[in-house]
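Okay, start-v7.txt now, which holds compact mmCIF, C-alpha atoms and all ligand atoms:
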# COMPACT_ATOMS: atom_id res chain seq x y z
CA MET A 669 -58.15 -103.78 -19.85
CA SER A 670 -59.09 -100.74 -21.90
CA SER A 671 -61.46 -101.02 -24.83
CA ARG A 672 -60.28 -101.10 -28.41
CA GLN A 673 -61.61 -97.55 -28.86
CA GLU A 674 -59.57 -96.30 -25.89
CA ARG A 675 -56.46 -97.98 -27.24
CA LYS A 676 -57.00 -96.33 -30.64
CA GLU A 677 -57.41 -92.96 -28.98
CA ASN A 678 -54.14 -93.38 -27.10
CA VAL A 679 -52.37 -94.00 -30.40
CA ILE A 680 -54.14 -91.13 -32.20
CA LYS A 681 -53.00 -88.81 -29.42
CA VAL A 682 -49.29 -89.58 -29.88
CA LEU A 683 -49.59 -89.54 -33.69
CA ASN A 684 -51.05 -86.04 -33.47
CA GLU A 685 -48.37 -84.94 -31.02
CA ALA A 686 -45.75 -86.13 -33.50
CA ARG A 687 -47.59 -84.44 -36.37
CA SER A 688 -47.59 -81.09 -34.55
CA MET A 689 -43.83 -81.45 -33.98
CA GLU A 690 -43.40 -82.06 -37.71
CA LEU A 691 -45.55 -79.03 -38.61
CA GLN A 692 -43.37 -76.86 -36.39
CA ALA A 693 -40.19 -78.30 -37.93
CA ILE A 694 -41.49 -77.57 -41.45
CA HIS A 695 -42.06 -73.89 -40.59
CA GLN A 696 -38.76 -73.62 -38.71
CA TYR A 697 -36.70 -75.16 -41.50
CA MET A 698 -38.43 -73.15 -44.24
CA ASN A 699 -37.68 -69.96 -42.34
CA GLN A 700 -34.06 -71.02 -41.99
CA HIS A 701 -33.59 -71.94 -45.61
CA TYR A 702 -34.82 -68.52 -46.72
CA ASN A 703 -32.31 -66.93 -44.33
CA LEU A 704 -29.48 -69.18 -45.52
CA ASP A 705 -30.35 -68.32 -49.10
CA ASP A 706 -30.23 -64.64 -48.17
CA ARG A 707 -26.76 -65.16 -46.71
CA ASP A 708 -25.79 -66.81 -50.02
CA LEU A 709 -25.02 -70.12 -48.28
CA GLY A 710 -26.66 -72.04 -51.12
CA GLU A 711 -25.64 -75.59 -50.30
CA LEU A 712 -26.88 -75.25 -46.71
CA ALA A 713 -30.12 -73.60 -47.86
CA ALA A 714 -30.76 -76.45 -50.32
CA ASN A 715 -30.22 -79.18 -47.73
CA VAL A 716 -32.39 -77.48 -45.13
CA LYS A 717 -35.11 -77.11 -47.78
CA LEU A 718 -34.88 -80.83 -48.60
CA ILE A 719 -35.09 -81.68 -44.91
CA ALA A 720 -38.24 -79.52 -44.60
CA ILE A 721 -39.71 -81.58 -47.45
CA ASP A 722 -38.85 -84.79 -45.52
CA GLU A 723 -40.76 -83.35 -42.55
CA MET A 724 -43.76 -82.68 -44.83
CA ARG A 725 -43.76 -86.36 -45.78
CA HIS A 726 -43.63 -87.26 -42.09
CA ALA A 727 -46.52 -84.92 -41.26
CA GLU A 728 -48.56 -86.55 -44.05
CA ALA A 729 -47.67 -90.08 -42.96
CA PHE A 730 -48.81 -89.35 -39.40
CA ALA A 731 -52.04 -87.75 -40.68
CA GLU A 732 -52.77 -90.76 -42.90
CA ARG A 733 -52.40 -93.10 -39.94
CA VAL A 734 -54.60 -90.85 -37.77
CA LEU A 735 -57.29 -91.01 -40.46
CA GLU A 736 -56.98 -94.79 -40.74
CA LEU A 737 -57.66 -94.97 -37.01
CA GLY A 738 -60.72 -92.72 -37.36
CA GLY A 739 -59.18 -89.60 -35.83
CA GLU A 740 -58.75 -86.02 -36.94
CA PRO A 741 -55.22 -84.88 -37.94
CA THR A 742 -54.15 -81.84 -35.95
CA SER A 743 -53.09 -78.61 -37.63
CA GLU A 744 -51.53 -77.16 -34.47
CA LEU A 745 -47.85 -76.31 -34.41
CA HIS A 746 -46.03 -77.73 -31.39
CA GLY A 747 -44.53 -74.35 -30.55
CA SER A 748 -43.48 -71.06 -32.07
CA ILE A 749 -40.53 -70.88 -34.45
CA LYS A 750 -37.23 -69.09 -33.82
CA LYS A 751 -36.32 -66.27 -36.19
CA GLY A 752 -33.14 -64.34 -36.87
CA GLN A 753 -30.76 -67.07 -35.71
CA GLU A 754 -27.04 -66.91 -36.47
CA THR A 755 -25.99 -69.65 -38.88
CA VAL A 756 -24.28 -71.82 -36.28
CA GLU A 757 -27.21 -71.31 -33.90
CA MET A 758 -29.60 -72.70 -36.52
CA PHE A 759 -27.72 -75.96 -36.86
CA LEU A 760 -27.21 -76.42 -33.11
CA HIS A 761 -30.89 -75.72 -32.56
CA ASP A 762 -31.95 -78.14 -35.30
CA ALA A 763 -29.69 -80.93 -34.04
CA GLU A 764 -31.31 -80.57 -30.64
CA ALA A 765 -34.81 -80.53 -32.15
CA GLU A 766 -34.08 -83.73 -34.07
CA GLY A 767 -32.76 -85.37 -30.90
CA ASN A 768 -35.93 -84.33 -29.06
CA ALA A 769 -38.08 -85.73 -31.89
CA MET A 770 -36.21 -89.04 -31.78
CA GLU A 771 -36.66 -89.31 -28.05
CA ALA A 772 -40.37 -88.50 -28.31
CA TYR A 773 -40.93 -90.91 -31.22
CA ASN A 774 -39.20 -93.73 -29.35
CA GLN A 775 -41.59 -93.13 -26.51
CA PHE A 776 -44.55 -92.91 -28.93
CA ALA A 777 -43.48 -96.20 -30.55
CA ARG A 778 -43.70 -97.77 -27.08
CA VAL A 779 -47.17 -96.29 -26.58
CA ALA A 780 -48.24 -97.76 -29.94
CA SER A 781 -46.81 -101.14 -28.95
CA GLU A 782 -48.50 -101.07 -25.52
CA ASN A 783 -51.78 -100.34 -27.24
CA GLY A 784 -51.39 -103.21 -29.68
CA ASP A 785 -50.69 -101.13 -32.82
CA SER A 786 -47.71 -102.61 -34.64
CA ILE A 787 -48.30 -100.56 -37.80
CA THR A 788 -47.97 -97.27 -35.93
CA LYS A 789 -44.98 -98.61 -34.01
CA LYS A 790 -43.28 -99.46 -37.30
CA LEU A 791 -44.12 -96.02 -38.72
CA PHE A 792 -42.43 -94.30 -35.78
CA GLU A 793 -39.40 -96.54 -36.13
CA GLN A 794 -39.03 -95.77 -39.84
CA ILE A 795 -39.32 -92.04 -39.22
CA ILE A 796 -36.82 -92.16 -36.33
CA GLU A 797 -34.23 -93.46 -38.81
CA GLU A 798 -34.81 -90.44 -41.06
CA GLU A 799 -34.58 -88.06 -38.09
CA GLN A 800 -31.22 -89.66 -37.28
CA GLU A 801 -29.99 -88.72 -40.78
CA HIS A 802 -31.19 -85.15 -40.23
CA LEU A 803 -29.49 -85.05 -36.83
CA ASN A 804 -26.20 -86.29 -38.31
CA TYR A 805 -26.28 -83.60 -40.99
CA PHE A 806 -27.12 -80.77 -38.59
CA GLU A 807 -24.40 -81.89 -36.19
CA ASP A 808 -21.85 -82.15 -39.00
CA VAL A 809 -22.55 -78.63 -40.20
CA ALA A 810 -22.56 -77.16 -36.67
CA GLY A 811 -19.26 -78.96 -36.04
CA HIS A 812 -17.68 -77.61 -39.22
CA ILE A 813 -18.74 -74.06 -38.39
CA GLU A 814 -17.47 -74.39 -34.82
CA THR A 815 -14.09 -75.79 -35.82
CA LEU A 816 -13.45 -74.05 -39.16
CA GLY A 817 -15.64 -70.96 -38.79
CA ASN A 818 -15.38 -68.56 -41.69
CA VAL A 819 -13.15 -70.91 -43.67
CA TYR A 820 -16.03 -73.36 -43.91
CA LEU A 821 -18.66 -70.67 -44.53
CA ALA A 822 -16.47 -69.15 -47.26
CA ARG A 823 -16.33 -72.53 -48.99
CA VAL A 824 -20.13 -72.75 -48.96
CA ALA A 825 -20.72 -69.11 -49.94
CA GLY A 826 -21.99 -68.73 -53.47
CA THR A 827 -22.80 -72.43 -53.95
CA SER A 828 -26.06 -73.26 -55.66
CA SER A 829 -29.27 -73.56 -53.66
CA ASP A 830 -30.96 -75.43 -56.50
CA THR A 831 -32.70 -78.59 -55.28
CA GLY A 832 -33.81 -79.56 -58.79
CA GLY A 833 -37.40 -79.41 -59.96
CA ALA A 834 -37.83 -83.14 -59.94
CA SER A 835 -39.65 -83.80 -56.68
CA LYS A 836 -43.13 -85.10 -57.38
CA SER A 837 -46.03 -82.73 -56.73
CA PHE A 838 -49.45 -81.94 -58.17
CA VAL A 839 -48.11 -79.98 -61.13
CA ASN A 840 -45.05 -82.22 -61.44
CA GLN A 841 -46.36 -85.76 -61.49
CA ALA A 842 -43.55 -87.28 -63.53
FE FE B 1 -39.77 -85.57 -39.20
FE FE B 2 -36.16 -84.32 -38.97
As C-alpha cells - that is how I would like this structure written.
Ligand SMILES: [Fe+2]
Ligand SMILES: [Fe+2]
Amino acid sequence: MSSRQERKENVIKVLNEARSMELQAIHQYMNQHYNLDDRDLGELAANVKLIAIDEMRHAEAFAERVLELGGEPTSELHGSIKKGQETVEMFLHDAEAEGNAMEAYNQFARVASENGDSITKKLFEQIIEEEQEHLNYFEDVAGHIETLGNVYLARVAGTSSDTGGASKSFVNQA
C-alpha cells in the first residue's frame, strides 16, 4: 500500500497532465478564433472564443486542486498548436482534441478514484461533461461544412463575433 504522499503525487501528476492539455487548447482555440474573425465568420469566431474561455476555467480548476494537494501547477503546453488550418479542418481537429481530452479525463478520474481522491474524481467528471458539449458543437459545425459547404459558410459570413462584455474579470467584477 502506497503512502498518502505517494497517492497525492499520483493525483497531482494527472491533474497537471490535464492542465497542460487545457493550456494547449486555450492557445489553439484563441489562434483559431482570430483566424475565423479574419475570415468574417463571426458566429464561429465568437463560439470558439467562448470555448477557449471555458478551457481557461478548466485550467484554473485543475491548478486550484493541484495547490490544495500541495503541488505546483504546470505551465507547460501539452504540445504545439496548429496554425493556418482551413475552416473545416479546425472543427474536425477540435472535435478530435475534445474526444482525446474526454478519454484522458476518464482515465484520470479512475486514477483519482484508485488513489482515494473523490474530489478530484468529481472534478474530472464535471469537466468531461463540458468537453462533451464542446465536442458536440465542433462536430455539428464540421458536419454542416461537410454537407452544406459554402452555403453554410455564406450563412455565417458577416455575423457578429461579439461575445458581450459581461464575463466577469478583474476589471469587470459585476
Ligand atoms: Fe477543458
Ligand atoms: Fe473543451
Distance table requested - chain A against ligand FE 2 (chain B), cut-off 10 Å, all atoms listed in the file: one row per qualifying residue with the closest atom pair and its distance in Å to one decimal, ordered by chain and rising residue number, as a tab-separated table.
residue	atom	partner	partner_atom	distance
A:Met689	CA	B:FE2	FE	9.6
A:Glu690	CA	B:FE2	FE	7.7
A:Ala693	CA	B:FE2	FE	7.3
A:Ile694	CA	B:FE2	FE	9.0
A:Tyr697	CA	B:FE2	FE	9.5
A:Val716	CA	B:FE2	FE	9.9
A:Ile719	CA	B:FE2	FE	6.6
A:Ala720	CA	B:FE2	FE	7.7
A:Ile721	CA	B:FE2	FE	9.6
A:Asp722	CA	B:FE2	FE	7.1
A:Glu723	CA	B:FE2	FE	5.9
A:Met724	CA	B:FE2	FE	9.7
A:His726	CA	B:FE2	FE	8.6
A:Asp762	CA	B:FE2	FE	8.3
A:Ala763	CA	B:FE2	FE	8.8
A:Ala765	CA	B:FE2	FE	7.9
A:Glu766	CA	B:FE2	FE	5.4
A:Gly767	CA	B:FE2	FE	8.8
A:Asn768	CA	B:FE2	FE	9.9
A:Ala769	CA	B:FE2	FE	7.5
A:Met770	CA	B:FE2	FE	8.6
A:Ile795	CA	B:FE2	FE	8.3
A:Ile796	CA	B:FE2	FE	8.3
A:Glu797	CA	B:FE2	FE	9.3
A:Glu798	CA	B:FE2	FE	6.6
A:Glu799	CA	B:FE2	FE	4.2
A:Gln800	CA	B:FE2	FE	7.5
A:Glu801	CA	B:FE2	FE	7.8
A:His802	CA	B:FE2	FE	5.2
A:Leu803	CA	B:FE2	FE	7.0
A:Phe806	CA	B:FE2	FE	9.7
C-alpha atoms of the current selection, written as a CSV table (one decimal), in the coordinates of the input:
chain,number,residue,atom,x,y,z
A,689,MET,CA,-43.8,-81.4,-34.0
A,690,GLU,CA,-43.4,-82.1,-37.7
A,693,ALA,CA,-40.2,-78.3,-37.9
A,694,ILE,CA,-41.5,-77.6,-41.4
A,697,TYR,CA,-36.7,-75.2,-41.5
A,716,VAL,CA,-32.4,-77.5,-45.1
A,719,ILE,CA,-35.1,-81.7,-44.9
A,720,ALA,CA,-38.2,-79.5,-44.6
A,721,ILE,CA,-39.7,-81.6,-47.4
A,722,ASP,CA,-38.8,-84.8,-45.5
A,723,GLU,CA,-40.8,-83.4,-42.6
A,724,MET,CA,-43.8,-82.7,-44.8
A,726,HIS,CA,-43.6,-87.3,-42.1
A,762,ASP,CA,-32.0,-78.1,-35.3
A,763,ALA,CA,-29.7,-80.9,-34.0
A,765,ALA,CA,-34.8,-80.5,-32.2
A,766,GLU,CA,-34.1,-83.7,-34.1
A,767,GLY,CA,-32.8,-85.4,-30.9
A,768,ASN,CA,-35.9,-84.3,-29.1
A,769,ALA,CA,-38.1,-85.7,-31.9
A,770,MET,CA,-36.2,-89.0,-31.8
A,795,ILE,CA,-39.3,-92.0,-39.2
A,796,ILE,CA,-36.8,-92.2,-36.3
A,797,GLU,CA,-34.2,-93.5,-38.8
A,798,GLU,CA,-34.8,-90.4,-41.1
A,799,GLU,CA,-34.6,-88.1,-38.1
A,800,GLN,CA,-31.2,-89.7,-37.3
A,801,GLU,CA,-30.0,-88.7,-40.8
A,802,HIS,CA,-31.2,-85.2,-40.2
A,803,LEU,CA,-29.5,-85.0,-36.8
A,806,PHE,CA,-27.1,-80.8,-38.6
### Message
So that I can see what lies close to A:Asn684, please list as JSON, numbers by chain the residues with an atom at most 9 Å from it, counting only C-alpha atoms and leaving out residues fewer than 4 positions away in the same chain.
### Response
{"A": [679, 680, 688, 689, 730, 731, 734, 740, 741, 742, 743, 744]}
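Between atom CA of A:Gln700 and atom CA of A:Gln753 lies a distance of 8.1 Å.
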### Message
Considering only C-alpha atoms, can you say which of A:Leu737, A:Ile749, A:Leu816, A:Ala714 comes closest to A:Asp785?
### Response
A:Leu737
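A straight line drawn from atom CA of A:Glu782 to atom CA of A:Gly739 is 18.8 Å long.
Proximity to ligand FE 1 (chain B) was assessed for A:Asn699, A:Asn783, A:Thr788, A:Gln692 counting all atoms listed in the file; the smallest distance is recorded for A:Gln692.
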